[in-house]
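Below is the file final.cif, which contains mmCIF, C-alpha atoms and all ligand atoms.
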data_target
#
loop_
_atom_site.label_atom_id
_atom_site.label_comp_id
_atom_site.auth_asym_id
_atom_site.auth_seq_id
_atom_site.Cartn_x
_atom_site.Cartn_y
_atom_site.Cartn_z
CA MET Z 26 17.99 167.59 -90.45
CA THR Z 27 21.71 167.81 -91.30
CA PRO Z 28 23.11 164.27 -91.36
CA VAL Z 29 25.90 163.58 -88.83
CA LYS Z 30 29.22 163.72 -90.67
CA LEU Z 31 31.16 160.54 -90.00
CA LEU Z 32 34.69 161.04 -88.77
CA ASP Z 33 37.50 160.61 -91.26
CA ARG Z 34 38.90 158.02 -88.90
CA PRO Z 35 36.98 155.38 -86.98
CA THR Z 36 37.46 155.31 -83.21
CA ALA Z 37 38.76 152.19 -81.49
CA LEU Z 38 38.55 151.41 -77.78
CA VAL Z 39 41.36 149.20 -76.45
CA THR Z 40 40.92 147.86 -72.92
CA GLY Z 41 44.23 146.77 -71.39
CA GLY Z 42 45.95 149.08 -73.87
CA ALA Z 43 48.94 149.81 -71.62
CA GLY Z 44 49.89 146.14 -71.44
CA PHE Z 45 52.30 144.16 -73.58
CA ILE Z 46 50.06 143.24 -76.54
CA GLY Z 47 47.63 146.15 -75.99
CA SER Z 48 50.31 148.84 -76.33
CA HIS Z 49 51.61 147.36 -79.60
CA LEU Z 50 48.01 147.21 -80.81
CA CYS Z 51 47.52 150.90 -79.94
CA ASP Z 52 50.78 151.77 -81.80
CA GLU Z 53 49.38 150.17 -84.94
CA LEU Z 54 45.76 151.34 -84.67
CA VAL Z 55 46.66 154.99 -84.12
CA LYS Z 56 48.10 155.15 -87.65
CA SER Z 57 44.57 154.97 -89.08
CA ARG Z 58 42.12 155.38 -86.19
CA ASN Z 59 41.41 157.46 -83.12
CA VAL Z 60 42.34 155.30 -80.16
CA ILE Z 61 40.89 155.35 -76.65
CA CYS Z 62 43.15 153.29 -74.41
CA VAL Z 63 41.72 152.20 -71.04
CA ASP Z 64 43.91 150.61 -68.39
CA ASN Z 65 44.20 150.52 -64.60
CA PHE Z 66 47.95 149.67 -64.65
CA ILE Z 67 47.41 146.57 -62.56
CA THR Z 68 49.99 144.78 -64.72
CA GLY Z 69 50.59 147.29 -67.54
CA VAL Z 70 52.92 150.29 -67.27
CA GLU Z 71 52.77 153.88 -68.45
CA GLU Z 72 56.13 153.52 -70.18
CA ASN Z 73 54.45 151.30 -72.79
CA ILE Z 74 52.24 154.18 -73.99
CA ASP Z 75 54.51 157.14 -73.20
CA LEU Z 76 55.16 158.04 -76.83
CA LEU Z 77 51.49 157.67 -77.77
CA LEU Z 78 50.45 160.25 -75.18
CA GLN Z 79 51.82 162.96 -77.51
CA ASN Z 80 49.67 161.76 -80.42
CA PRO Z 81 46.46 163.79 -81.05
CA HIS Z 82 44.67 160.62 -82.18
CA PHE Z 83 45.33 158.87 -78.85
CA LYS Z 84 43.58 159.36 -75.50
CA PHE Z 85 44.26 157.48 -72.30
CA ILE Z 86 41.69 156.85 -69.57
CA ARG Z 87 42.80 155.31 -66.29
CA HIS Z 88 39.92 153.09 -65.28
CA ASP Z 89 39.23 149.65 -63.82
CA MET Z 90 37.03 147.84 -66.37
CA SER Z 91 35.44 145.89 -63.51
CA GLU Z 92 33.53 149.12 -62.94
CA PRO Z 93 31.07 150.47 -65.55
CA LEU Z 94 32.59 152.94 -68.00
CA ASP Z 95 30.65 155.83 -69.55
CA LEU Z 96 32.83 157.21 -72.36
CA GLU Z 97 30.50 160.19 -72.76
CA SER Z 98 31.46 161.50 -69.33
CA PHE Z 99 35.05 162.22 -70.46
CA PRO Z 100 35.27 165.72 -72.03
CA GLU Z 101 38.68 164.87 -73.50
CA LEU Z 102 36.91 162.40 -75.82
CA ASP Z 103 34.72 165.12 -77.36
CA ILE Z 104 37.42 165.60 -79.99
CA PHE Z 105 36.60 162.06 -81.25
CA LYS Z 106 32.85 162.94 -81.26
CA VAL Z 107 32.17 160.00 -78.95
CA LYS Z 108 28.88 161.48 -77.72
CA VAL Z 109 27.53 161.58 -81.27
CA GLN Z 110 29.18 158.63 -82.95
CA GLY Z 111 30.33 156.36 -80.13
CA VAL Z 112 33.19 154.01 -80.99
CA GLN Z 113 33.38 151.77 -84.03
CA GLU Z 114 35.69 149.05 -82.70
CA VAL Z 115 36.21 147.50 -79.25
CA TYR Z 116 39.29 145.39 -78.52
CA ASN Z 117 38.93 143.73 -75.12
CA LEU Z 118 42.36 142.83 -73.75
CA ALA Z 119 42.10 143.91 -70.09
CA CYS Z 120 43.12 141.00 -67.86
CA PRO Z 121 46.13 140.50 -65.58
CA THR Z 122 48.28 138.14 -67.62
CA SER Z 123 51.30 136.75 -65.96
CA PRO Z 124 51.62 133.35 -64.34
CA LEU Z 125 52.91 134.94 -61.16
CA GLU Z 126 49.87 137.21 -61.03
CA TYR Z 127 47.43 134.31 -60.94
CA LYS Z 128 48.63 133.76 -57.39
CA LYS Z 129 48.77 137.45 -56.48
CA LEU Z 130 45.63 138.69 -58.28
CA PRO Z 131 43.14 135.81 -58.54
CA LEU Z 132 40.04 137.88 -57.79
CA GLU Z 133 41.14 140.77 -60.03
CA THR Z 134 41.73 138.24 -62.82
CA LEU Z 135 38.23 136.78 -62.43
CA GLN Z 136 36.66 140.24 -62.17
CA ALA Z 137 38.41 141.51 -65.31
CA ASN Z 138 37.05 138.51 -67.23
CA ALA Z 139 33.54 138.71 -65.80
CA GLN Z 140 32.64 142.34 -65.05
CA GLY Z 141 35.34 143.83 -67.28
CA THR Z 142 34.21 141.83 -70.32
CA LYS Z 143 30.55 142.67 -69.59
CA HIS Z 144 31.35 146.39 -69.53
CA ALA Z 145 33.32 146.16 -72.78
CA LEU Z 146 30.36 144.36 -74.40
CA GLU Z 147 27.96 147.05 -73.16
CA ILE Z 148 30.07 149.79 -74.74
CA ALA Z 149 30.20 147.87 -78.03
CA TYR Z 150 26.43 147.32 -77.98
CA LYS Z 151 25.66 150.95 -77.19
CA SER Z 152 27.88 152.10 -80.08
CA ASP Z 153 26.82 149.39 -82.50
CA ALA Z 154 30.49 148.39 -82.67
CA LYS Z 155 32.15 145.07 -83.25
CA ILE Z 156 34.09 143.49 -80.36
CA VAL Z 157 37.31 141.49 -80.66
CA HIS Z 158 37.87 139.68 -77.39
CA ALA Z 159 41.36 138.45 -76.47
CA SER Z 160 41.00 134.90 -75.22
CA THR Z 161 43.76 132.38 -74.78
CA ALA Z 162 45.06 128.90 -75.59
CA ALA Z 163 44.73 128.30 -71.84
CA ILE Z 164 40.99 127.65 -72.30
CA TYR Z 165 41.95 124.33 -73.94
CA GLY Z 166 44.08 123.11 -71.04
CA GLU Z 167 46.90 120.69 -71.77
CA PRO Z 168 47.27 119.08 -75.20
CA TYR Z 169 45.39 115.85 -75.81
CA ASN Z 170 47.43 113.13 -77.56
CA ASN Z 171 49.83 115.90 -78.75
CA GLN Z 172 47.22 116.98 -81.31
CA PRO Z 173 47.21 120.64 -82.41
CA PHE Z 174 44.17 122.41 -80.95
CA THR Z 175 41.34 123.13 -83.35
CA GLU Z 176 38.64 125.64 -82.42
CA ASN Z 177 36.05 122.90 -81.93
CA TYR Z 178 38.03 121.18 -79.14
CA TRP Z 179 36.17 121.80 -75.85
CA GLY Z 180 39.16 121.74 -73.53
CA TYR Z 181 39.95 120.00 -70.28
CA ILE Z 182 40.46 122.33 -67.33
CA ASP Z 183 40.80 122.09 -63.55
CA PRO Z 184 38.24 124.55 -62.10
CA VAL Z 185 40.04 124.94 -58.76
CA GLY Z 186 43.75 124.52 -59.59
CA PRO Z 187 46.54 127.10 -59.25
CA ARG Z 188 45.76 128.59 -62.71
CA SER Z 189 41.98 128.32 -62.52
CA CYS Z 190 41.29 132.03 -62.00
CA TYR Z 191 42.84 132.66 -65.42
CA ASN Z 192 41.81 129.51 -67.32
CA GLU Z 193 38.24 129.38 -66.03
CA GLY Z 194 37.95 133.18 -66.03
CA LYS Z 195 38.82 133.19 -69.71
CA ARG Z 196 36.35 130.37 -70.41
CA TYR Z 197 33.62 132.34 -68.66
CA ALA Z 198 34.54 135.46 -70.66
CA GLU Z 199 34.22 133.49 -73.93
CA SER Z 200 30.81 132.22 -72.89
CA LEU Z 201 29.76 135.74 -71.94
CA VAL Z 202 30.95 137.25 -75.26
CA TYR Z 203 29.20 134.51 -77.22
CA SER Z 204 25.92 134.66 -75.25
CA TYR Z 205 25.73 138.47 -75.02
CA ALA Z 206 26.59 139.04 -78.67
CA THR Z 207 24.21 136.33 -79.88
CA ALA Z 208 21.35 137.63 -77.73
CA LYS Z 209 21.92 141.22 -78.89
CA LYS Z 210 22.64 140.23 -82.49
CA MET Z 211 25.97 142.01 -82.55
CA PRO Z 212 29.15 140.89 -84.34
CA PHE Z 213 31.93 139.38 -82.20
CA ILE Z 214 35.29 137.73 -82.54
CA ILE Z 215 36.96 135.51 -79.96
CA ALA Z 216 40.70 135.36 -80.65
CA ARG Z 217 42.38 132.48 -78.80
CA ILE Z 218 45.89 133.82 -78.51
CA PHE Z 219 48.78 131.41 -78.03
CA ASN Z 220 52.14 132.12 -76.40
CA THR Z 221 53.26 135.58 -77.57
CA TYR Z 222 56.66 137.22 -77.08
CA GLY Z 223 58.46 140.43 -78.01
CA PRO Z 224 59.55 143.82 -76.66
CA ARG Z 225 57.48 145.08 -73.68
CA THR Z 226 56.75 141.61 -72.45
CA LYS Z 227 57.11 141.80 -68.68
CA LEU Z 228 60.76 141.56 -67.74
CA ASN Z 229 60.50 139.03 -64.94
CA ASP Z 230 57.08 137.44 -64.95
CA GLY Z 231 58.25 133.88 -65.24
CA ARG Z 232 57.44 133.18 -68.87
CA MET Z 233 59.94 131.09 -70.75
CA ILE Z 234 61.44 133.58 -73.22
CA PRO Z 235 61.89 136.46 -70.73
CA ASP Z 236 63.31 133.99 -68.24
CA LEU Z 237 65.88 132.52 -70.65
CA VAL Z 238 66.83 135.91 -72.14
CA ASN Z 239 67.40 137.31 -68.62
CA LYS Z 240 69.50 134.31 -67.69
CA ALA Z 241 71.61 134.58 -70.85
CA ILE Z 242 72.24 138.30 -70.35
CA ALA Z 243 73.08 137.75 -66.67
CA LYS Z 244 75.31 134.79 -67.64
CA GLN Z 245 73.46 132.45 -65.29
CA PRO Z 246 72.72 128.77 -66.04
CA MET Z 247 69.77 128.38 -68.43
CA VAL Z 248 66.98 126.53 -66.65
CA ILE Z 249 64.40 124.62 -68.66
CA TYR Z 250 61.31 123.44 -66.81
CA GLY Z 251 60.43 120.16 -68.42
CA ALA Z 252 62.12 117.43 -70.44
CA GLU Z 253 64.79 117.94 -73.12
CA ASP Z 254 62.36 117.31 -75.95
CA ASP Z 255 59.33 119.20 -74.58
CA ILE Z 256 58.02 121.58 -77.21
CA SER Z 257 56.43 125.01 -77.26
CA THR Z 258 55.27 127.60 -79.77
CA PHE Z 259 56.07 131.31 -79.87
CA CYS Z 260 54.38 134.03 -81.91
CA TYR Z 261 55.96 137.46 -82.29
CA VAL Z 262 53.80 140.31 -80.99
CA SER Z 263 53.52 142.22 -84.30
CA ASP Z 264 52.03 139.11 -85.92
CA VAL Z 265 49.44 138.82 -83.15
CA VAL Z 266 48.56 142.52 -83.49
CA GLU Z 267 48.12 142.14 -87.25
CA GLY Z 268 45.86 139.15 -86.60
CA LEU Z 269 43.66 141.07 -84.16
CA ILE Z 270 43.23 143.94 -86.62
CA LYS Z 271 42.45 141.59 -89.51
CA LEU Z 272 39.90 139.79 -87.36
CA MET Z 273 38.22 143.13 -86.60
CA SER Z 274 38.05 143.95 -90.34
CA HIS Z 275 36.55 140.57 -91.18
CA THR Z 276 32.82 140.77 -91.77
CA GLY Z 277 31.00 138.41 -89.49
CA SER Z 278 31.57 136.67 -86.19
CA GLY Z 279 33.65 133.71 -85.14
CA ILE Z 280 36.21 132.01 -82.93
CA TYR Z 281 39.80 131.78 -84.15
CA ASN Z 282 43.13 130.43 -82.93
CA LEU Z 283 45.83 133.10 -83.19
CA GLY Z 284 49.36 131.83 -82.74
CA SER Z 285 52.30 130.15 -84.36
CA PRO Z 286 51.90 126.51 -85.39
CA GLU Z 287 55.69 126.08 -85.53
CA GLN Z 288 56.97 123.84 -82.76
CA TYR Z 289 60.32 124.29 -81.06
CA LYS Z 290 62.10 122.07 -78.59
CA LEU Z 291 62.77 124.11 -75.45
CA ILE Z 292 66.44 123.11 -75.58
CA ASP Z 293 66.74 124.53 -79.11
CA VAL Z 294 65.21 127.85 -78.01
CA ALA Z 295 67.67 128.04 -75.12
CA LYS Z 296 70.56 127.37 -77.54
CA LEU Z 297 69.33 129.98 -80.01
CA ILE Z 298 69.07 132.62 -77.26
CA MET Z 299 72.62 131.82 -76.10
CA GLN Z 300 73.87 132.13 -79.68
CA LEU Z 301 72.18 135.52 -80.14
CA VAL Z 302 73.44 136.85 -76.80
CA ASP Z 303 76.84 135.31 -77.61
CA VAL Z 304 77.27 133.27 -74.43
CA LYS Z 305 77.82 129.59 -73.63
CA LEU Z 306 76.10 128.53 -70.40
CA PRO Z 307 75.15 125.25 -68.79
CA VAL Z 308 71.56 124.14 -69.39
CA GLU Z 309 69.68 122.57 -66.48
CA ASN Z 310 66.41 120.66 -66.75
CA LYS Z 311 64.13 120.99 -63.73
CA THR Z 312 60.78 119.52 -62.79
CA PRO Z 313 58.02 121.93 -63.77
CA PRO Z 314 56.41 123.81 -60.86
CA PRO Z 315 52.71 123.21 -60.15
CA TYR Z 316 51.69 126.35 -62.07
CA LEU Z 317 53.28 125.07 -65.27
CA SER Z 318 50.94 123.57 -67.81
CA LYS Z 319 52.11 121.76 -70.92
CA GLN Z 320 51.85 123.98 -73.96
CA GLY Z 321 49.64 123.05 -76.89
CA VAL Z 322 50.06 123.97 -80.54
CA PRO Z 323 47.40 125.81 -82.54
CA ASP Z 324 45.85 124.52 -85.71
CA ILE Z 325 45.56 127.79 -87.65
CA SER Z 326 43.81 126.49 -90.77
CA LYS Z 327 40.63 128.41 -89.95
CA ILE Z 328 42.19 131.88 -89.58
CA LYS Z 329 44.45 131.22 -92.57
CA GLU Z 330 41.60 130.23 -94.87
CA GLU Z 331 38.91 132.66 -93.68
CA ILE Z 332 40.98 135.74 -92.75
CA GLY Z 333 44.21 135.23 -94.67
CA TRP Z 334 46.38 135.52 -91.56
CA PHE Z 335 49.50 133.55 -90.68
CA PRO Z 336 52.60 134.54 -88.69
CA LEU Z 337 55.48 136.08 -90.64
CA ILE Z 338 58.27 136.91 -88.20
CA PRO Z 339 60.85 134.11 -87.82
CA LEU Z 340 61.80 133.19 -84.25
CA VAL Z 341 65.40 134.28 -84.73
CA GLU Z 342 64.31 137.78 -85.81
CA GLY Z 343 61.75 138.14 -83.02
CA LEU Z 344 64.28 136.98 -80.45
CA ARG Z 345 66.81 139.55 -81.70
CA GLN Z 346 64.27 142.37 -81.10
CA THR Z 347 63.34 140.94 -77.71
CA ILE Z 348 66.95 140.61 -76.58
CA ASP Z 349 67.66 144.24 -77.61
CA TYR Z 350 64.69 145.38 -75.52
CA PHE Z 351 65.79 143.36 -72.51
CA LYS Z 352 69.36 144.67 -72.75
CA ALA Z 353 68.03 148.25 -72.81
CA HIS Z 354 65.90 147.58 -69.69
CA GLN Z 355 68.35 145.65 -67.55
CA ASN Z 356 68.41 148.41 -64.93
CA LEU Z 357 64.72 147.79 -64.21
CA LEU Z 358 65.23 144.17 -63.38
CA ASP Z 359 65.30 142.99 -59.85
CA MET Z 360 67.98 140.36 -60.05
CA LYS Z 361 67.71 139.31 -56.41
CA ALA Z 362 67.97 135.60 -55.74
CA GLY Z 363 64.59 133.96 -55.30
CA ASP Z 364 62.86 136.31 -57.71
CA PRO Z 365 60.42 135.07 -60.37
CA PHE Z 366 63.32 133.85 -62.48
CA SER Z 367 62.90 130.46 -61.01
CA LYS Z 368 59.72 129.63 -62.93
CA SER Z 369 58.46 129.48 -66.51
CA PHE Z 370 54.83 129.15 -67.38
CA ASN Z 371 52.40 129.10 -70.26
CA VAL Z 372 49.67 131.72 -70.56
P1 LIG Z 401 49.36 142.37 -69.93
O1 LIG Z 401 49.19 141.97 -68.50
O2 LIG Z 401 50.65 142.96 -70.35
O3 LIG Z 401 48.19 143.35 -70.38
C1 LIG Z 401 46.93 143.35 -69.78
C2 LIG Z 401 46.58 144.80 -69.51
O4 LIG Z 401 45.27 144.87 -68.95
C3 LIG Z 401 47.52 145.47 -68.49
O5 LIG Z 401 47.96 146.69 -68.98
C4 LIG Z 401 46.66 145.64 -67.25
O6 LIG Z 401 47.04 146.74 -66.47
C5 LIG Z 401 45.28 145.79 -67.88
N1 LIG Z 401 44.18 145.41 -66.99
C6 LIG Z 401 44.03 144.26 -66.28
N2 LIG Z 401 42.88 144.29 -65.59
C7 LIG Z 401 42.29 145.47 -65.88
C8 LIG Z 401 41.07 146.08 -65.51
N3 LIG Z 401 40.22 145.48 -64.63
N4 LIG Z 401 40.76 147.30 -66.00
C9 LIG Z 401 41.60 147.94 -66.86
N5 LIG Z 401 42.77 147.40 -67.26
C10 LIG Z 401 43.11 146.18 -66.78
O7 LIG Z 401 49.03 141.05 -70.78
P2 LIG Z 401 49.22 140.77 -72.32
O8 LIG Z 401 50.23 139.69 -72.44
O9 LIG Z 401 49.39 142.03 -73.07
O10 LIG Z 401 47.80 140.14 -72.67
C11 LIG Z 401 46.75 140.89 -73.26
C12 LIG Z 401 45.55 139.98 -73.46
O11 LIG Z 401 45.92 138.88 -74.31
C13 LIG Z 401 45.02 139.37 -72.17
O12 LIG Z 401 43.63 139.34 -72.18
C14 LIG Z 401 45.60 137.98 -72.20
O13 LIG Z 401 44.82 137.07 -71.47
C15 LIG Z 401 45.65 137.66 -73.67
N6 LIG Z 401 46.70 136.66 -73.98
C16 LIG Z 401 48.02 136.98 -73.92
C17 LIG Z 401 48.96 135.99 -74.21
C18 LIG Z 401 50.45 136.26 -74.19
O14 LIG Z 401 51.24 135.36 -74.51
N7 LIG Z 401 50.90 137.45 -73.82
C19 LIG Z 401 48.55 134.69 -74.56
C20 LIG Z 401 47.20 134.43 -74.58
C21 LIG Z 401 46.27 135.41 -74.32
#
Since I need it in another form, could you write the structure as structure tokens?
Amino acid sequence: MTPVKLLDRPTALVTGGAGFIGSHLCDELVKSRNVICVDNFITGVEENIDLLLQNPHFKFIRHDMSEPLDLESFPELDIFKVKVQGVQEVYNLACPTSPLEYKKLPLETLQANAQGTKHALEIAYKSDAKIVHASTAAIYGEPYNNQPFTENYWGYIDPVGPRSCYNEGKRYAESLVYSYATAKKMPFIIARIFNTYGPRTKLNDGRMIPDLVNKAIAKQPMVIYGAEDDISTFCYVSDVVEGLIKLMSHTGSGIYNLGSPEQYKLIDVAKLIMQLVDVKLPVENKTPPPYLSKQGVPDISKIKEEIGWFPLIPLVEGLRQTIDYFKAHQNLLDMKAGDPFSKSFNV
């Protein structure tokens, strides 16, 4: 029998590939792999993958991962020999991810984590592929004694609070990835991503950086939810993408924090954004809304030592890129009073 010739390029499946992080991940993967991007556009947008649609190594499938997905039923994937060779890598990012969406899409958020993750695992198992699952710092809850989170901290979460569909959904997804992969003896990575920013982040979803950049550009007072000296961490999206790819290449399984350990006072971030936009605006401190949870800091010793990953892009550089993107997309913003601008959250 003639042996099956392996493709020159491996094939990667990215669920949630039209979202903020997913689209940057697809941009990077397509340089060396065939990429199948699956998304239902519940929070992602086509604009994020517009340029990729011209690339012969990229295919898009509109699909809700809460429903089973049979890649072999898509003739457009024959070019990647999916029927013969399956996929070699599965990146599972599909999940509505915006604080404002927890209120609007609680059931969709839970379904994406439960059914969506199960279907991604089934594809990986069928193909004998490794899965990298995008989890979150939110599984830890609020920081304990201001200690950086290490991967062996179990977390402290409200199962029925305003963020529970996301926080508990993500905890369930981690348990599912761990249990499924262990039972089936397949390799897995759980990447606990911390606060990430950069171009293509949603323009008005209430997260701190988009909120402050919008306010600076619109010359409105900068509102900080929390005390003057509250801190947060911010990791630029290209660093997170590099981390996800390195984690996939790593032989073996594991759970890793993926974020920036550098801590910034919120007031200093607001000042830096004003400096980069070249405006001077009043800064107001407001009581955090109920959805806001205090942000923790990652201990990244494990990923640094075992994978050789650490963030490279300085905040000032990442903010410059983000501000340029926001300036170019101002026409898409709904600047009506009462819009999401009034809240900042942690994801
Ligand atoms: P995003 O909302 O921009 O991207 C998520 C994508 O998944 C969207 O394109 C959305 O349409 C798609 N999606 C959601 N449910 C789906 C479903 N059932 N079927 C198919 N597609 C579906 O969010 P993001 O910021 O790019 O986050 C990507 C992943 O990283 C998420 O799993 C998120 O929980 C995790 N994460 C992100 C951050 C951050 O700061 N952005 C922090 C921690 C963890």
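For the atom pair formed by atom C7 of ligand LIG 401 (chain Z) and CA of Leu132 in chain Z, the distance is 11.3 Å, given to one decimal.
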Inset, instruction - Please check which protein, DNA or RNA residues sit within 7 Å of ligand LIG 401 (chain Z), counting only C-alpha atoms and all ligand atoms, and write them as number ranges by chain. - result: Z: 40-47, 63-70, 88-91, 118-123, 133-134, 136-137, 141, 159-162, 217-222, 226-227, 372
Legend entry - Z:Asp183, Z:Glu331, Z:Asp324, Z:Asp349 ranked by distance to Val302 in chain Z, top pick (using all atoms listed in the file): Z:Asp349
Inset, instruction - Using CA of Lys210 in chain Z and CA of Gly279 in chain Z as the two end points, give the distance in Å to one decimal. - result: 13.1 Å
Would you list the residues near (40.9, 162.0, -81.1) (no more than 6 Å away, in the coordinates of the file, using only C-alpha atoms) as a PDB file with C-alpha atoms, in the frame of the given file?
ATOM      1  CA  ASN Z  59      41.410 157.460 -83.120  1.00  0.00           C
ATOM      2  CA  PRO Z  81      46.460 163.790 -81.050  1.00  0.00           C
ATOM      3  CA  HIS Z  82      44.670 160.620 -82.180  1.00  0.00           C
ATOM      4  CA  PHE Z  83      45.330 158.870 -78.850  1.00  0.00           C
ATOM      5  CA  ILE Z 104      37.420 165.600 -79.990  1.00  0.00           C
ATOM      6  CA  PHE Z 105      36.600 162.060 -81.250  1.00  0.00           C
TER       7      PHE Z 105
END
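The residue that comes closest to Leu337 in chain Z, out of Z:Ile148, Z:Ala216, Z:Met273, Z:Val265 and on the basis of all atoms listed in the file, is Z:Val265.
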Legend entry - Z:Arg188, Z:Lys296, Z:Lys195, Z:Lys240 ranked by distance to Pro124 in chain Z, top pick (using all atoms listed in the file):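 Nearest candidate to Pro124 in chain Z out of Z:Arg188, Z:Lys296, Z:Lys195, Z:Lys240: Z:Arg188.
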Would you kindly place N, CA, C and O atoms on range 295-309 of chain Z and return the model as a compact mmCIF listing (two decimals), keeping the file's coordinate frame?
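Below is the file selection35.txt, written as the result:
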# COMPACT_ATOMS: atom_id res chain seq x y z
N ALA Z 295 66.62 127.62 -76.06
CA ALA Z 295 67.67 128.04 -75.12
C ALA Z 295 68.99 128.22 -75.88
O ALA Z 295 69.71 129.22 -75.69
N LYS Z 296 69.30 127.30 -76.77
CA LYS Z 296 70.56 127.37 -77.54
C LYS Z 296 70.58 128.59 -78.46
O LYS Z 296 71.59 129.28 -78.60
N LEU Z 297 69.42 128.84 -79.09
CA LEU Z 297 69.33 129.98 -80.01
C LEU Z 297 69.52 131.30 -79.24
O LEU Z 297 70.23 132.21 -79.71
N ILE Z 298 68.92 131.39 -78.07
CA ILE Z 298 69.07 132.62 -77.26
C ILE Z 298 70.55 132.80 -76.87
O ILE Z 298 71.10 133.90 -76.98
N MET Z 299 71.20 131.71 -76.48
CA MET Z 299 72.62 131.82 -76.10
C MET Z 299 73.46 132.28 -77.30
O MET Z 299 74.34 133.12 -77.17
N GLN Z 300 73.13 131.75 -78.46
CA GLN Z 300 73.87 132.13 -79.68
C GLN Z 300 73.68 133.63 -79.98
O GLN Z 300 74.65 134.33 -80.28
N LEU Z 301 72.46 134.11 -79.82
CA LEU Z 301 72.18 135.52 -80.14
C LEU Z 301 72.78 136.47 -79.10
O LEU Z 301 73.17 137.58 -79.42
N VAL Z 302 72.84 136.00 -77.85
CA VAL Z 302 73.44 136.85 -76.80
C VAL Z 302 74.97 136.67 -76.79
O VAL Z 302 75.69 137.44 -76.19
N ASP Z 303 75.44 135.63 -77.51
CA ASP Z 303 76.84 135.31 -77.61
C ASP Z 303 77.43 134.85 -76.26
O ASP Z 303 78.41 135.42 -75.77
N VAL Z 304 76.76 133.87 -75.67
CA VAL Z 304 77.27 133.27 -74.43
C VAL Z 304 77.13 131.75 -74.53
O VAL Z 304 76.31 131.25 -75.30
N LYS Z 305 77.97 131.06 -73.74
CA LYS Z 305 77.82 129.59 -73.63
C LYS Z 305 77.61 129.28 -72.16
O LYS Z 305 78.49 129.58 -71.33
N LEU Z 306 76.45 128.74 -71.81
CA LEU Z 306 76.10 128.53 -70.40
C LEU Z 306 75.58 127.11 -70.22
O LEU Z 306 75.04 126.53 -71.17
N PRO Z 307 75.73 126.58 -69.02
CA PRO Z 307 75.15 125.25 -68.79
C PRO Z 307 73.62 125.30 -68.85
O PRO Z 307 73.03 126.32 -68.50
N VAL Z 308 73.03 124.22 -69.34
CA VAL Z 308 71.56 124.14 -69.39
C VAL Z 308 71.10 123.09 -68.38
O VAL Z 308 71.58 121.97 -68.39
N GLU Z 309 70.20 123.51 -67.49
CA GLU Z 309 69.68 122.57 -66.48
C GLU Z 309 68.21 122.28 -66.77
O GLU Z 309 67.46 123.21 -67.07
